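Trainee: Take this structure first; my questions come after.
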Amino acid sequence: MNKQDNKRSKNSKRRGSGKGRTNAVAAVSTAPVQKNDEVVLDIIGLTHEAEGVGRVEGFTLFVQNALPGEKVRALVLKVKKQYGFAKVLERVVDSPYRVETEHPAHYYGGCQLQHLAYDEQLRWKRQHVVDVLERIGKFGVEQADDGATRAANAGSAIGETQVKVLPTIGMDNPWRYRNKSQMPIGQNERTGGLIGGYYAKASHRIMDTDVSLIQHEVHDEAMRVVKELARKHGIQPYNEESHTGLLRHVVMRIGFRTNELMITLVTNGKRIPQQEEFVEDLVKALPQLKSVCQNINNKQTNVILGDKTRLLWGSEYITDYIGDIKFEISARSFYQVNPVQTEVLYEKAVEYAGLTGKETVIDAYCGIGTISLFLAQRAKRVLGVEIVEEAIDDARRNAEINGIQNAEFAVGAAEEVMPRWQEQGETADVIVVDPPRKGCDQALLDTMLEMRPERIVYVSCNPSTLARDLRILADGGYQVVEVQPVDMFPHTAHVECCSLLVWNGNNE
Ligand code: SAH
């Protein structure tokens, strides 16, 4: 098509110094576009932040609210050395998968991909996993099921079998799925009054709203009430720039099965004016409330939670169930945000673990022991390790309240604790890892390779680090058998994967 011609003619003009741009500028910036230029772009990809990707002479521009397959006229907003940002002025060609958004302000509330049809979101997520496995992991990939088997990637190791990537498992109803919301509080720029809601995309400007279509309905109501009562009791909103004011964030978590609500007020400073009356009013207004906590964060930082949490009212934790296991969850502990899909994910992890009742399993990055306790029901023994101390307290208590006696938990960095276990002669038949976005530490991967379990189940929320780590494990003698993407975060560009690796003795 005319995609390249179009841009080239535009840019070749721009390259000349005769267009009013000095040679000095041209020498500094090699980008073929500058701020405020208008460009016509073919959108060829989608980033992890759900921005469309377009190129001008190989130079990448990220464009909000633009989908692959679309052609847009866009205004360049910002140019950096390697890439830039642009905004759509006009869509020249629409994607056939574009849908009317249900949320009027659809960038807010974390539903960045709402304008892409849900089935297409699921296909895109799987394709994203395939792409990174090929590009970063250098694997040959087979897209099982729909007959679309691809040839092995030229870069894959000789003799390596292809990795099977299954279709993404989506939700029947991909709305209102989040059990946790973290909403910033701030000042109305004009009046200075308290507002709160979600940040406008790629900025720290707060949109004053209670609603997000991907969060539980109770959170809409709870946010409305907290803001109203904070105003009534003279609680000052935090001002990020001057680092003044009190209320910074409202963090809400609800048990989907139990309907128990925890509200954590993140404050800049300890003292809350009219605290008792405020909390009393909250409790009266929200019948689901089981716990009100205060988290103190005095730092000038984007990190939401500070180190200190104290209970203002009710219980230290809320309860919820995954499958038939009951979990008590405290304010600082990680708990999967989509309870419906968590069950799907964990079932897959259990299936991949292939347990018969005789195995020792290590669950690294175990959080409050959710996967551990699922596995413990079918294994001889489970050892969990996790860095957050409160989470391990929760894990131990959760084992106890479920009468599970074959699970033990340790606090610490997995990459430090696991080598220690290994030195002490600990072995495992199955190792499950579920690391944060940055993936597994090299020391942990090395230890896994030395422990050499029969199976590794790798649960990941970041396909890129997953692909990197799977390559290391594959080079260490494991066969990556299958990757199952699970849609834990509908209407966002995030993808969760559960992967099975088995020891491949022949590869030694
Ligand atoms: N498997 C759990 C938690 C997964 S989230 C679940 O499904 O609920 C990742 C967890 O890793 C978080 O609880 C986080 O606190 C923990 N974590 C982060 N870095 C860690 C490290 N270096 N060692 C151990 N745990 C870590």
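Labels for the structure tokens follow display order: chains A, B, ..., residues from 1 in each chain, ligands from 1.
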Hey, what does DSSP flag as helix (DSSP H, G or I) within region 295-505 of chain A? Can you give it to me as a PyMOL selection string?
Mentor: chain A and resi 339-353+370-376+389-401+414-423+442-451+463-475+505
Trainee: Got a sec: who's within 9 Å of Ala443 (chain A), counting only C-alpha atoms, leaving out chain neighbours fewer than 5 positions off, as a list in words?
Mentor: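 Listing them by chain and then by number gives Glu415, Glu416, Met418, Pro419 and Met448 of chain A.
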Trainee: Using N, CA, C and O atoms, can you export the residues from the last selection as a short mmCIF file (atom, residue, chain, number, x, y, z; two decimals), in the first residue's frame?
Mentor:
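Saved to part-v2.cif:
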data_model
loop_
_atom_site.label_atom_id
_atom_site.label_comp_id
_atom_site.auth_asym_id
_atom_site.auth_seq_id
_atom_site.Cartn_x
_atom_site.Cartn_y
_atom_site.Cartn_z
N GLU A 415 14.74 -15.74 45.83
CA GLU A 415 16.08 -16.00 45.28
C GLU A 415 17.13 -16.19 46.38
O GLU A 415 18.23 -16.64 46.10
N GLU A 416 16.77 -15.85 47.63
CA GLU A 416 17.70 -16.11 48.74
C GLU A 416 17.29 -17.36 49.50
O GLU A 416 18.12 -18.15 49.92
N MET A 418 15.38 -19.98 48.45
CA MET A 418 15.46 -21.24 47.69
C MET A 418 16.88 -21.82 47.67
O MET A 418 17.05 -23.02 47.88
N PRO A 419 17.93 -21.00 47.42
CA PRO A 419 19.28 -21.58 47.47
C PRO A 419 19.61 -22.16 48.85
O PRO A 419 20.28 -23.19 48.96
N MET A 448 16.54 -23.38 40.55
CA MET A 448 15.56 -24.32 39.99
C MET A 448 16.25 -25.36 39.12
O MET A 448 15.96 -26.54 39.16
#
Trainee: Report the closest atom pair, with its distance in Å rounded to one decimal, for each residue of region 171-269 of chain A that has an atom no farther than 10 Å from region 280-304 of chain A; count only C-alpha atoms, sort by chain and then rising residue number, and write it as CSV.
Mentor:
residue,atom,partner,partner_atom,distance
A:Gln182,CA,A:Ile304,CA,8.3
A:Met183,CA,A:Ile304,CA,9.6
A:Pro184,CA,A:Ile304,CA,8.8
A:His204,CA,A:Asn302,CA,9.9
A:Val218,CA,A:Gln288,CA,8.3
A:Glu221,CA,A:Leu286,CA,8.3
A:Ala222,CA,A:Leu286,CA,6.9
A:Val225,CA,A:Leu282,CA,7.2
A:Val226,CA,A:Leu282,CA,7.1
A:Glu228,CA,A:Leu282,CA,9.9
A:Leu229,CA,A:Asp281,CA,7.3
A:Ala230,CA,A:Leu282,CA,9.7
A:His233,CA,A:Asp281,CA,9.9
A:Glu240,CA,A:Gln300,CA,7.7
A:Glu241,CA,A:Gln300,CA,8.9
A:Ser242,CA,A:Gln300,CA,9.5
A:His243,CA,A:Gln300,CA,6.6
A:Thr244,CA,A:Asn298,CA,9.7
A:Leu246,CA,A:Asn298,CA,9.3
A:Leu247,CA,A:Ile296,CA,9.7
A:Arg248,CA,A:Ile304,CA,8.2
A:His249,CA,A:Ile304,CA,7.2
A:Val250,CA,A:Ile304,CA,9.6
A:Val251,CA,A:Ile304,CA,9.1
A:Met252,CA,A:Val292,CA,9.6
A:Arg253,CA,A:Ser291,CA,9.8
A:Ile254,CA,A:Gln288,CA,8.6
A:Gly255,CA,A:Gln288,CA,9.8
A:Thr258,CA,A:Gln288,CA,9.2
A:Asn259,CA,A:Gln288,CA,6.2
A:Glu260,CA,A:Gln288,CA,5.4
A:Leu261,CA,A:Leu289,CA,4.6
A:Met262,CA,A:Ser291,CA,4.7
A:Ile263,CA,A:Val292,CA,4.9
A:Thr264,CA,A:Cys293,CA,4.5
A:Leu265,CA,A:Gln294,CA,4.8
A:Val266,CA,A:Asn295,CA,4.6
A:Thr267,CA,A:Ile296,CA,5.0
A:Asn268,CA,A:Asn298,CA,4.6
A:Gly269,CA,A:Asn298,CA,5.9
Trainee: Just the selected residues (C-alpha atoms), exported as an mmCIF file, in the first residue's frame, please.
Mentor:
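Result file follows (out_5.cif):
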data_model
loop_
_atom_site.group_PDB
_atom_site.id
_atom_site.type_symbol
_atom_site.label_atom_id
_atom_site.label_comp_id
_atom_site.auth_asym_id
_atom_site.auth_seq_id
_atom_site.Cartn_x
_atom_site.Cartn_y
_atom_site.Cartn_z
ATOM 1 C CA GLN A 182 -7.189 1.960 44.309
ATOM 2 C CA MET A 183 -8.547 5.401 43.632
ATOM 3 C CA PRO A 184 -6.538 8.604 44.029
ATOM 4 C CA HIS A 204 -1.774 12.645 37.077
ATOM 5 C CA VAL A 218 -19.970 -1.872 45.825
ATOM 6 C CA GLU A 221 -20.863 3.238 46.180
ATOM 7 C CA ALA A 222 -18.034 3.060 48.713
ATOM 8 C CA VAL A 225 -19.553 7.637 50.388
ATOM 9 C CA VAL A 226 -15.892 8.079 51.368
ATOM 10 C CA GLU A 228 -18.874 12.673 50.698
ATOM 11 C CA LEU A 229 -17.949 11.921 54.312
ATOM 12 C CA ALA A 230 -14.389 13.167 53.913
ATOM 13 C CA HIS A 233 -15.633 15.879 58.245
ATOM 14 C CA GLU A 240 0.745 15.879 45.006
ATOM 15 C CA GLU A 241 2.728 18.924 43.976
ATOM 16 C CA SER A 242 2.949 20.723 47.291
ATOM 17 C CA HIS A 243 2.920 17.435 49.243
ATOM 18 C CA THR A 244 0.256 18.845 51.577
ATOM 19 C CA LEU A 246 -4.150 14.325 54.112
ATOM 20 C CA LEU A 247 -6.150 11.794 52.083
ATOM 21 C CA ARG A 248 -4.123 10.365 49.173
ATOM 22 C CA HIS A 249 -5.850 7.184 48.075
ATOM 23 C CA VAL A 250 -8.872 5.060 48.861
ATOM 24 C CA VAL A 251 -8.102 1.363 48.513
ATOM 25 C CA MET A 252 -11.090 -0.974 48.488
ATOM 26 C CA ARG A 253 -11.220 -4.738 48.455
ATOM 27 C CA ILE A 254 -14.316 -6.919 48.520
ATOM 28 C CA GLY A 255 -14.766 -10.672 48.874
ATOM 29 C CA THR A 258 -18.646 -13.157 51.164
ATOM 30 C CA ASN A 259 -19.489 -9.544 50.249
ATOM 31 C CA GLU A 260 -17.084 -8.392 52.969
ATOM 32 C CA LEU A 261 -15.575 -4.966 52.278
ATOM 33 C CA MET A 262 -12.266 -3.513 53.457
ATOM 34 C CA ILE A 263 -11.516 0.159 53.036
ATOM 35 C CA THR A 264 -7.967 1.396 53.494
ATOM 36 C CA LEU A 265 -7.470 5.150 53.699
ATOM 37 C CA VAL A 266 -3.987 6.092 52.593
ATOM 38 C CA THR A 267 -2.963 9.264 54.367
ATOM 39 C CA ASN A 268 -0.108 11.730 54.369
ATOM 40 C CA GLY A 269 0.237 11.922 58.137
#
Trainee: Tell me, as a PyMOL selection string, which residues lie within 12 Å of Lys81 (chain A), counting only C-alpha atoms; anything in the same chain fewer than 6 positions away does not count.
Mentor: chain A and resi 28-34+59-61
Trainee: Just N, CA and C atoms for this one: save the residues we selected as a short mmCIF file (atom, residue, chain, number, x, y, z; two decimals), in the first residue's frame.
Mentor:
data_model
loop_
_atom_site.label_atom_id
_atom_site.label_comp_id
_atom_site.auth_asym_id
_atom_site.auth_seq_id
_atom_site.Cartn_x
_atom_site.Cartn_y
_atom_site.Cartn_z
N VAL A 28 21.02 17.29 15.96
CA VAL A 28 20.74 16.75 17.30
C VAL A 28 19.68 15.67 17.22
N SER A 29 18.58 15.96 16.54
CA SER A 29 17.48 15.02 16.52
C SER A 29 17.48 14.24 15.23
N THR A 30 17.50 12.92 15.34
CA THR A 30 17.46 12.10 14.14
C THR A 30 16.02 11.66 13.86
N ALA A 31 15.09 12.04 14.74
CA ALA A 31 13.71 11.64 14.53
C ALA A 31 13.16 12.30 13.27
N PRO A 32 12.41 11.53 12.47
CA PRO A 32 11.86 12.11 11.25
C PRO A 32 10.62 12.97 11.50
N VAL A 33 10.18 13.05 12.74
CA VAL A 33 9.04 13.93 13.05
C VAL A 33 9.39 14.82 14.24
N GLN A 34 8.64 15.90 14.37
CA GLN A 34 8.82 16.79 15.51
C GLN A 34 7.48 17.08 16.13
N PHE A 59 10.58 5.04 12.68
CA PHE A 59 10.51 5.71 13.99
C PHE A 59 9.12 5.44 14.59
N THR A 60 9.10 4.96 15.84
CA THR A 60 7.85 4.51 16.44
C THR A 60 7.10 5.63 17.14
N LEU A 61 5.81 5.70 16.84
CA LEU A 61 4.94 6.64 17.54
C LEU A 61 3.86 5.84 18.27
#
Trainee: Enumerate residues in contact with ligand 1: an atom-to-atom distance of at most 6 Å, counting only C-alpha atoms and all ligand atoms. Format the result as a PyMOL selection string.
Mentor: chain A and resi 334-336+365-367+370-371+385-388+412-414+434-436
Trainee: Generate a file of the selected residues that holds N, CA and C atoms, formatted as a CSV table (one decimal), in the first residue's frame.
Mentor:
chain,number,residue,atom,x,y,z
A,334,PHE,N,-1.0,-9.4,48.9
A,334,PHE,CA,-1.4,-9.5,47.5
A,334,PHE,C,-2.5,-10.6,47.4
A,335,TYR,N,-3.5,-10.3,46.7
A,335,TYR,CA,-4.6,-11.2,46.4
A,335,TYR,C,-5.0,-11.0,45.0
A,336,GLN,N,-5.2,-12.1,44.2
A,336,GLN,CA,-5.5,-11.9,42.8
A,336,GLN,C,-6.8,-11.0,42.7
A,365,TYR,N,7.0,-17.2,45.5
A,365,TYR,CA,6.2,-16.0,45.3
A,365,TYR,C,4.8,-16.3,45.7
A,366,CYS,N,4.6,-16.9,46.9
A,366,CYS,CA,3.3,-17.6,47.2
A,366,CYS,C,2.2,-16.6,47.7
A,367,GLY,N,2.5,-15.4,48.0
A,367,GLY,CA,1.5,-14.5,48.5
A,367,GLY,C,0.9,-15.0,49.8
A,370,THR,N,-2.3,-18.8,48.3
A,370,THR,CA,-3.5,-19.3,47.5
A,370,THR,C,-3.2,-20.5,46.7
A,371,ILE,N,-2.1,-20.4,45.9
A,371,ILE,CA,-1.8,-21.6,45.0
A,371,ILE,C,-1.3,-22.7,45.9
A,385,VAL,N,7.2,-19.7,49.7
A,385,VAL,CA,8.1,-18.6,50.1
A,385,VAL,C,7.6,-17.3,49.5
A,386,GLU,N,7.7,-16.2,50.3
A,386,GLU,CA,7.1,-14.9,49.9
A,386,GLU,C,7.8,-13.8,50.7
A,387,ILE,N,7.9,-12.7,50.1
A,387,ILE,CA,8.8,-11.6,50.7
A,387,ILE,C,8.0,-10.8,51.7
A,388,VAL,N,6.7,-10.6,51.5
A,388,VAL,CA,5.9,-9.8,52.5
A,388,VAL,C,5.5,-10.6,53.7
A,412,GLY,N,10.8,-14.3,53.0
A,412,GLY,CA,12.1,-13.9,52.4
A,412,GLY,C,12.0,-13.8,50.9
A,413,ALA,N,13.1,-13.3,50.4
A,413,ALA,CA,13.2,-13.3,48.9
A,413,ALA,C,13.4,-14.7,48.4
A,414,ALA,N,12.6,-15.1,47.4
A,414,ALA,CA,12.6,-16.4,46.9
A,414,ALA,C,14.1,-16.8,46.4
A,434,ASP,N,5.4,-17.7,40.6
A,434,ASP,CA,4.3,-16.8,40.2
A,434,ASP,C,4.9,-15.4,40.5
A,435,PRO,N,6.0,-15.0,39.8
A,435,PRO,CA,6.7,-13.7,40.2
A,435,PRO,C,6.0,-12.5,39.8
A,436,PRO,N,6.4,-11.3,40.3
A,436,PRO,CA,5.8,-10.1,39.8
A,436,PRO,C,6.3,-9.8,38.4
Trainee: DSSP on the backbone: which residues in region 311-421 of chain A end up as strand (DSSP E)? Give the answer as number ranges by chain.
Mentor: A: 311-314, 317-322, 325-330, 360-364, 381-386, 407-411
Trainee: Which residues are close to Asp394 (chain A), i.e. within 10 Å by only C-alpha atoms, leaving aside same-chain residues fewer than 3 positions away? Reply as a VMD selection string.
Mentor: chain A and resid 317 327 to 330 333 367 to 370 389 to 391 397 to 400
Trainee: Pick the closest to Arg135 (chain A) from A:Gly196, A:Gly477, A:Pro339, A:Pro463: which is it, counting only C-alpha atoms?
Mentor: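 Residue with the minimum atom-to-atom distance to Arg135 (chain A): A:Pro463.
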Trainee: For each of A:Val337, A:Ala379, A:Glu51, A:Pro453, take the minimum atom-to-atom distance to Glu496 (chain A), counting only C-alpha atoms, then give the residue where this is smallest.
Mentor: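 Smallest distance to Glu496 (chain A) is found for A:Val337.
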Trainee: Can you tell me, as JSON, numbers by chain, what residues are no more than 12 Å from Tyr458 (chain A) when counting only C-alpha atoms, ignoring any on the same chain fewer than 2 positions away?
Mentor: {"A": [345, 346, 348, 349, 350, 352, 353, 362, 363, 364, 365, 371, 430, 431, 432, 433, 434, 435, 436, 439, 440, 445, 448, 455, 456, 460, 461, 462, 463, 465, 466, 467, 469, 470, 473, 480, 481, 482, 483, 484, 485, 496, 497, 498, 499, 500, 501, 502]}
Trainee: May I have the selected residues written with C-alpha atoms, as a short mmCIF file (atom, residue, chain, number, x, y, z; two decimals), in the first residue's frame?
Mentor:
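Printed below is result-v1.cif as written:
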data_model
loop_
_atom_site.label_atom_id
_atom_site.label_comp_id
_atom_site.auth_asym_id
_atom_site.auth_seq_id
_atom_site.Cartn_x
_atom_site.Cartn_y
_atom_site.Cartn_z
CA LEU A 345 -5.86 -20.04 36.46
CA TYR A 346 -5.30 -22.15 39.55
CA LYS A 348 -4.72 -24.93 35.20
CA ALA A 349 -1.76 -24.72 37.59
CA VAL A 350 -3.06 -27.80 39.45
CA TYR A 352 0.00 -28.78 35.00
CA ALA A 353 1.47 -29.79 38.37
CA ILE A 362 7.64 -25.51 46.19
CA ASP A 363 5.45 -22.46 45.61
CA ALA A 364 7.74 -19.46 45.11
CA TYR A 365 6.19 -15.97 45.33
CA ILE A 371 -1.80 -21.60 45.02
CA VAL A 430 7.23 -29.67 41.22
CA ILE A 431 8.16 -26.00 41.50
CA VAL A 432 5.51 -23.36 40.92
CA VAL A 433 6.64 -19.77 40.40
CA ASP A 434 4.35 -16.75 40.17
CA PRO A 435 6.69 -13.75 40.18
CA PRO A 436 5.82 -10.05 39.85
CA GLY A 439 10.04 -12.08 36.36
CA CYS A 440 12.31 -14.48 38.23
CA LEU A 445 16.34 -19.74 37.95
CA MET A 448 15.56 -24.32 39.99
CA ARG A 455 7.87 -30.20 36.39
CA ILE A 456 7.90 -26.44 36.62
CA SER A 460 3.25 -14.99 34.85
CA CYS A 461 1.60 -11.61 34.47
CA ASN A 462 4.21 -10.38 32.00
CA PRO A 463 4.74 -12.33 28.75
CA THR A 465 9.83 -11.68 31.22
CA LEU A 466 8.09 -15.05 30.93
CA ALA A 467 9.63 -15.55 27.47
CA ASP A 469 12.89 -16.89 31.73
CA LEU A 470 11.46 -19.79 29.70
CA LEU A 473 14.98 -22.83 31.64
CA VAL A 480 8.35 -25.82 27.44
CA VAL A 481 5.28 -27.87 26.68
CA GLU A 482 2.35 -25.53 26.79
CA VAL A 483 1.38 -21.96 27.57
CA GLN A 484 -2.20 -21.13 28.53
CA PRO A 485 -3.12 -17.42 28.44
CA GLU A 496 -1.69 -13.69 32.45
CA CYS A 497 -0.18 -17.04 31.45
CA CYS A 498 0.17 -20.44 33.04
CA SER A 499 2.97 -22.51 31.52
CA LEU A 500 4.09 -26.10 31.87
CA LEU A 501 7.73 -27.15 31.65
CA VAL A 502 8.95 -30.73 32.02
#
Trainee: May I have the residues within 8 Å of Gln479 (chain A) as number ranges by chain, using only C-alpha atoms and disregarding those fewer than 4 positions away in the same chain?
Mentor: A: 160-161, 474, 501-504
Trainee: Taking only C-alpha atoms into account, name the residue in A:Val40, A:Val88, A:Leu77, A:Ile169 that is nearest to Gln64 (chain A).
Mentor: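 Of the candidates, the smallest distance to Gln64 (chain A) is held by A:Val88.
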Trainee: Using only C-alpha atoms, pick whichever of A:Val163, A:Val79, A:Ala410, A:Ile235 has the shortest atom-to-atom distance to Val130 (chain A).
Mentor: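 Ranked by minimum distance to Val130 (chain A), first place goes to A:Val163.
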Trainee: In Å, how far is it from CA of Cys111 (chain A) to CA of Ala493 (chain A)?
Mentor: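 Interatomic distance, CA of Cys111 (chain A) to CA of Ala493 (chain A): 8.9 Å.
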